[in-house]
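S.K.: Structure supplied as input.csv; contents: CSV, C-alpha atoms.
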chain,number,residue,atom,x,y,z
A,202,ALA,CA,-1.9,-14.6,6.5
A,203,ARG,CA,0.3,-12.3,8.6
A,204,LEU,CA,1.7,-15.2,10.6
A,205,LEU,CA,2.5,-17.1,7.5
A,206,ALA,CA,4.3,-14.1,6.0
A,207,ARG,CA,6.4,-13.7,9.2
A,208,CYS,CA,7.4,-17.4,8.8
A,209,GLY,CA,8.3,-16.9,5.1
A,210,ARG,CA,5.5,-19.1,3.9
A,211,VAL,CA,3.8,-17.1,1.3
A,212,ARG,CA,2.2,-18.5,-1.8
A,213,SER,CA,3.5,-15.9,-4.2
A,214,ARG,CA,6.5,-13.6,-4.0
A,215,ILE,CA,6.6,-10.8,-6.6
A,216,VAL,CA,9.3,-8.2,-7.2
A,217,ALA,CA,8.1,-4.6,-7.4
A,218,ARG,CA,10.0,-3.9,-10.6
A,219,LYS,CA,7.5,-6.3,-12.4
A,220,THR,CA,4.6,-4.2,-11.2
A,221,THR,CA,3.1,-0.8,-12.3
A,222,VAL,CA,1.9,1.8,-9.8
A,223,ARG,CA,-1.0,4.1,-10.2
A,224,ARG,CA,-3.4,6.1,-8.1
A,225,ILE,CA,-6.6,4.3,-7.4
A,226,PRO,CA,-10.1,5.4,-6.2
A,227,VAL,CA,-11.7,4.4,-2.9
A,228,SER,CA,-13.9,2.0,-4.9
A,229,GLU,CA,-10.8,0.0,-5.7
A,230,TYR,CA,-8.7,0.3,-2.5
A,231,ALA,CA,-11.5,-0.1,0.1
A,232,PRO,CA,-12.6,-3.6,-0.9
A,233,PHE,CA,-9.0,-4.7,-1.3
A,234,LEU,CA,-8.1,-3.5,2.2
A,235,ASP,CA,-11.3,-5.0,3.7
A,236,ALA,CA,-10.3,-8.4,2.3
A,237,HIS,CA,-6.6,-8.3,2.9
A,238,HIS,CA,-5.7,-5.9,5.8
A,239,LEU,CA,-5.9,-7.0,9.4
A,240,TRP,CA,-7.9,-3.8,10.3
A,241,GLY,CA,-9.7,-3.3,7.0
A,242,ALA,CA,-10.1,0.0,5.1
A,243,THR,CA,-10.0,3.4,6.7
A,244,LYS,CA,-10.9,6.9,5.3
A,245,ALA,CA,-8.0,8.2,3.2
A,246,LYS,CA,-7.5,11.0,0.8
A,247,TYR,CA,-5.1,9.2,-1.6
A,248,GLY,CA,-4.9,5.5,-2.6
A,249,TYR,CA,-2.1,3.9,-4.7
A,250,GLY,CA,-2.0,0.4,-6.0
A,251,LEU,CA,0.6,-2.0,-7.5
A,252,PHE,CA,-0.6,-4.0,-10.5
A,253,LEU,CA,0.9,-7.1,-12.0
A,254,ALA,CA,0.1,-8.3,-15.5
A,255,ALA,CA,-2.1,-11.3,-14.9
A,256,PRO,CA,-1.4,-14.1,-17.4
A,257,SER,CA,-2.9,-16.7,-15.0
A,258,PRO,CA,-6.0,-16.6,-12.8
A,259,SER,CA,-5.7,-13.9,-10.1
A,260,ILE,CA,-6.8,-13.6,-6.5
A,261,SER,CA,-9.8,-11.3,-6.2
A,262,VAL,CA,-10.5,-8.8,-3.4
A,263,ASP,CA,-12.6,-11.5,-1.6
A,264,GLY,CA,-9.8,-14.0,-1.8
A,265,SER,CA,-11.4,-16.2,-4.4
A,266,SER,CA,-9.9,-17.0,-7.8
A,267,SER,CA,-10.9,-15.0,-10.8
A,268,SER,CA,-9.7,-14.1,-14.3
A,269,GLY,CA,-8.4,-10.7,-13.1
A,270,GLY,CA,-9.6,-7.2,-13.7
A,271,SER,CA,-8.6,-4.7,-16.2
A,272,ILE,CA,-6.9,-1.4,-15.5
A,273,PRO,CA,-9.3,1.5,-16.3
A,274,GLY,CA,-8.0,3.2,-19.3
A,275,GLY,CA,-5.9,0.2,-20.4
A,276,ASP,CA,-6.6,-3.1,-22.2
A,277,VAL,CA,-4.0,-5.3,-20.4
A,278,SER,CA,-5.5,-7.6,-17.8
A,279,CYS,CA,-3.9,-6.8,-14.5
A,280,GLN,CA,-4.1,-7.9,-10.9
A,281,LEU,CA,-4.1,-5.5,-7.9
A,282,VAL,CA,-1.4,-7.0,-5.6
A,283,ALA,CA,-0.7,-4.3,-3.1
A,284,VAL,CA,-2.3,-1.0,-1.8
A,285,ALA,CA,-1.1,2.0,0.2
A,286,THR,CA,-3.4,4.8,1.4
A,287,PHE,CA,-2.4,8.3,2.6
A,288,SER,CA,-4.0,11.1,4.5
A,289,ALA,CA,-4.7,14.6,3.2
A,290,ARG,CA,-1.9,17.2,3.7
A,291,ARG,CA,-1.6,18.6,7.2
A,292,ARG,CA,0.3,21.8,8.0
A,293,VAL,CA,2.6,21.0,11.0
A,294,THR,CA,4.8,23.7,12.6
A,295,ARG,CA,8.1,22.6,14.1
A,296,ALA,CA,10.7,25.0,15.4
A,297,GLY,CA,8.7,27.9,13.9
A,298,ILE,CA,8.8,26.3,10.4
A,299,VAL,CA,5.6,25.1,8.7
A,300,HIS,CA,5.9,21.7,7.1
A,301,SER,CA,3.6,19.9,4.6
A,302,SER,CA,3.0,16.5,6.2
A,303,HIS,CA,1.1,13.4,5.1
A,304,GLU,CA,0.4,10.1,7.0
A,305,LEU,CA,0.8,6.7,5.5
A,306,LEU,CA,-2.4,5.1,6.8
A,307,ARG,CA,-2.6,1.5,5.4
A,308,VAL,CA,-0.3,-0.8,3.4
A,309,CYS,CA,-0.9,-4.4,2.5
A,310,CYS,CA,-0.3,-7.0,-0.1
A,311,ALA,CA,-2.8,-9.6,-1.3
A,312,ARG,CA,-3.4,-12.4,1.1
A,313,ASP,CA,-0.8,-15.1,0.9
A,314,GLY,CA,1.5,-12.9,-1.2
A,315,ALA,CA,4.4,-10.6,-0.8
A,316,VAL,CA,5.7,-7.8,-3.0
A,317,VAL,CA,9.4,-7.3,-2.5
A,318,GLY,CA,10.1,-3.6,-2.7
A,319,GLY,CA,6.4,-2.8,-2.9
A,320,ILE,CA,6.2,-0.3,0.0
A,321,SER,CA,9.1,1.6,-1.4
A,322,LYS,CA,7.6,1.8,-4.9
A,323,LEU,CA,4.2,2.9,-3.5
A,324,VAL,CA,5.7,5.6,-1.2
A,325,ARG,CA,8.0,6.8,-4.0
A,326,ALA,CA,5.0,7.3,-6.4
A,327,PHE,CA,3.1,9.2,-3.7
A,328,VAL,CA,6.1,11.5,-2.9
A,329,ARG,CA,6.7,12.2,-6.6
A,330,ALA,CA,3.1,13.2,-7.0
A,331,HIS,CA,2.6,15.3,-3.9
A,332,ALA,CA,6.1,16.4,-2.7
A,333,PRO,CA,5.4,16.3,1.0
A,334,ASP,CA,8.0,17.7,3.4
A,335,ASP,CA,7.6,14.6,5.5
A,336,LEU,CA,5.7,11.4,5.7
A,337,VAL,CA,4.7,9.8,9.0
A,338,THR,CA,3.2,6.5,10.0
A,339,VAL,CA,2.3,4.5,13.0
A,340,VAL,CA,3.9,1.0,13.4
A,341,ASP,CA,2.3,-1.8,15.4
A,342,ARG,CA,5.3,-2.9,17.4
A,343,ASP,CA,3.6,-6.2,18.3
A,344,TRP,CA,4.6,-7.3,14.8
A,345,GLY,CA,8.2,-6.1,14.8
A,346,ASP,CA,10.6,-3.4,15.9
A,347,ALA,CA,10.1,-1.1,12.8
A,348,ASP,CA,13.8,-1.4,11.8
A,349,GLY,CA,12.8,-0.8,8.1
A,350,TRP,CA,11.2,2.6,8.8
A,351,HIS,CA,14.0,5.1,8.9
A,352,GLY,CA,14.0,8.6,7.5
Can the structure in the file be given as structure tokens, please?
M.R.:
Amino acid sequence: ARLLARCGRVRSRIVARKTTVRRIPVSEYAPFLDAHHLWGATKAKYGYGLFLAAPSPSISVDGSSSSGGSIPGGDVSCQLVAVATFSARRRVTRAGIVHSSHELLRVCCARDGAVVGGISKLVRAFVRAHAPDDLVTVVDRDWGDADGWHG
């Protein structure tokens, strides 16, 4: 899936403005990451998901077709299309000043799909909710030079 995405051969391309973002529990993000992320799920303090209203059959967490799930607390049938997970707050001292820092641990879209602007929307929702002084992540440079990750 990752190689197809690098070649621009994804089955569905979604724009983030057509999605809604909300915090999701481990019971929602862990199966999604296990099914769609190269390294699977990891322990995280916070999980956020992007949801798309699903008028057609959706792709489930195991990659098979389904009729979509429903957002808890809502009655619109929606499909989880992207997930981001974040660490708990860490106090980091730099130049004698204490900073509130979080780490972006995992980000992924549903297999064979892409969400244009999805990472920005997920990170923005996290920053609005938790107001960290900074947000760090690790980039696997085997997949690119990380040009899109500037502060």
S.K.: Compare A:Ala283, A:Tyr230, A:Ile215, A:Gly250 by their minimum atom-to-atom distance to Arg312 in chain A, counting all atoms listed in the file, and give me the closest one.
M.R.: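 Answer, going by the shortest atom-to-atom distance: A:Ala283.
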S.K.: Quick one: residues within 7 Å of Ala242 in chain A, all atoms listed in the file, excluding same-chain residues fewer than 5 positions away - as a CSV table (one decimal) with C-alpha atoms, in the frame of the given file?
M.R.:
chain,number,residue,atom,x,y,z
A,231,ALA,CA,-11.5,-0.1,0.1
A,234,LEU,CA,-8.1,-3.5,2.2
A,235,ASP,CA,-11.3,-5.0,3.7
S.K.: Between A:Thr220, A:Thr294, A:Arg214, A:Ser228, which is the closest to Leu253 in chain A once you count all atoms listed in the file?
M.R.: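 Looking only at the distances to Leu253 in chain A, the closest residue turns out to be A:Thr220.
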S.K.: Neighbours of Ala289 in chain A within 9 Å (only C-alpha atoms; same-chain residues fewer than 5 positions away dropped), as number ranges by chain?
M.R.: A: 245-247, 302-304
S.K.: If I take CA of Leu306 in chain A and CA of Ala254 in chain A, how far is one from the other in Å, to one decimal?
M.R.: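 Interatomic distance, CA of Leu306 in chain A to CA of Ala254 in chain A: 26.1 Å.
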S.K.: Using only C-alpha atoms, which of A:Val324, A:Asp334, A:Val299, A:Val316 sits nearest Ala285 in chain A?
M.R.: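 Comparing A:Val324, A:Asp334, A:Val299, A:Val316 against Ala285 in chain A, the winner is A:Val324.
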S.K.: Please report the interatomic distance between CA of Ile298 in chain A and CA of Phe327 in chain A in Å with one decimal.
M.R.: 22.9 Å
S.K.: Out of A:Ala332, A:Thr338, A:Gly319, A:Ala326, which residue has the shortest atom-to-atom distance to Ser288 in chain A when counting all atoms listed in the file?
M.R.: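 Of the candidates, the smallest distance to Ser288 in chain A is held by A:Thr338.
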S.K.: From the list A:Gly248, A:Pro232, A:Pro226, A:Gly241, which residue is nearest Thr286 in chain A when using all atoms listed in the file?
M.R.: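 Among the listed residues, A:Gly248 lies closest to Thr286 in chain A.
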S.K.: Could you check how far CA of Ser213 in chain A sits from CA of Cys279 in chain A, in Å to one decimal?
M.R.: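 Taking CA of Ser213 in chain A and CA of Cys279 in chain A, their separation equals 15.6 Å.
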S.K.: Give me the box for range 276-294 of chain A as AutoDock Vina command-line options, namely the centre and edge lengths in Å to one decimal of a box along x, y and z that holds every listed atom plus 6 Å on each side.
M.R.:
--center_x -0.9 --center_y 7.9 --center_z -4.8 --size_x 23.4 --size_y 43.6 --size_z 46.8
S.K.: Which is closest to Arg290 in chain A among A:Ala315, A:Val339, A:Leu305, A:Ile320, if we use only C-alpha atoms?
M.R.: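 For Arg290 in chain A, the nearest of the given residues is A:Leu305.
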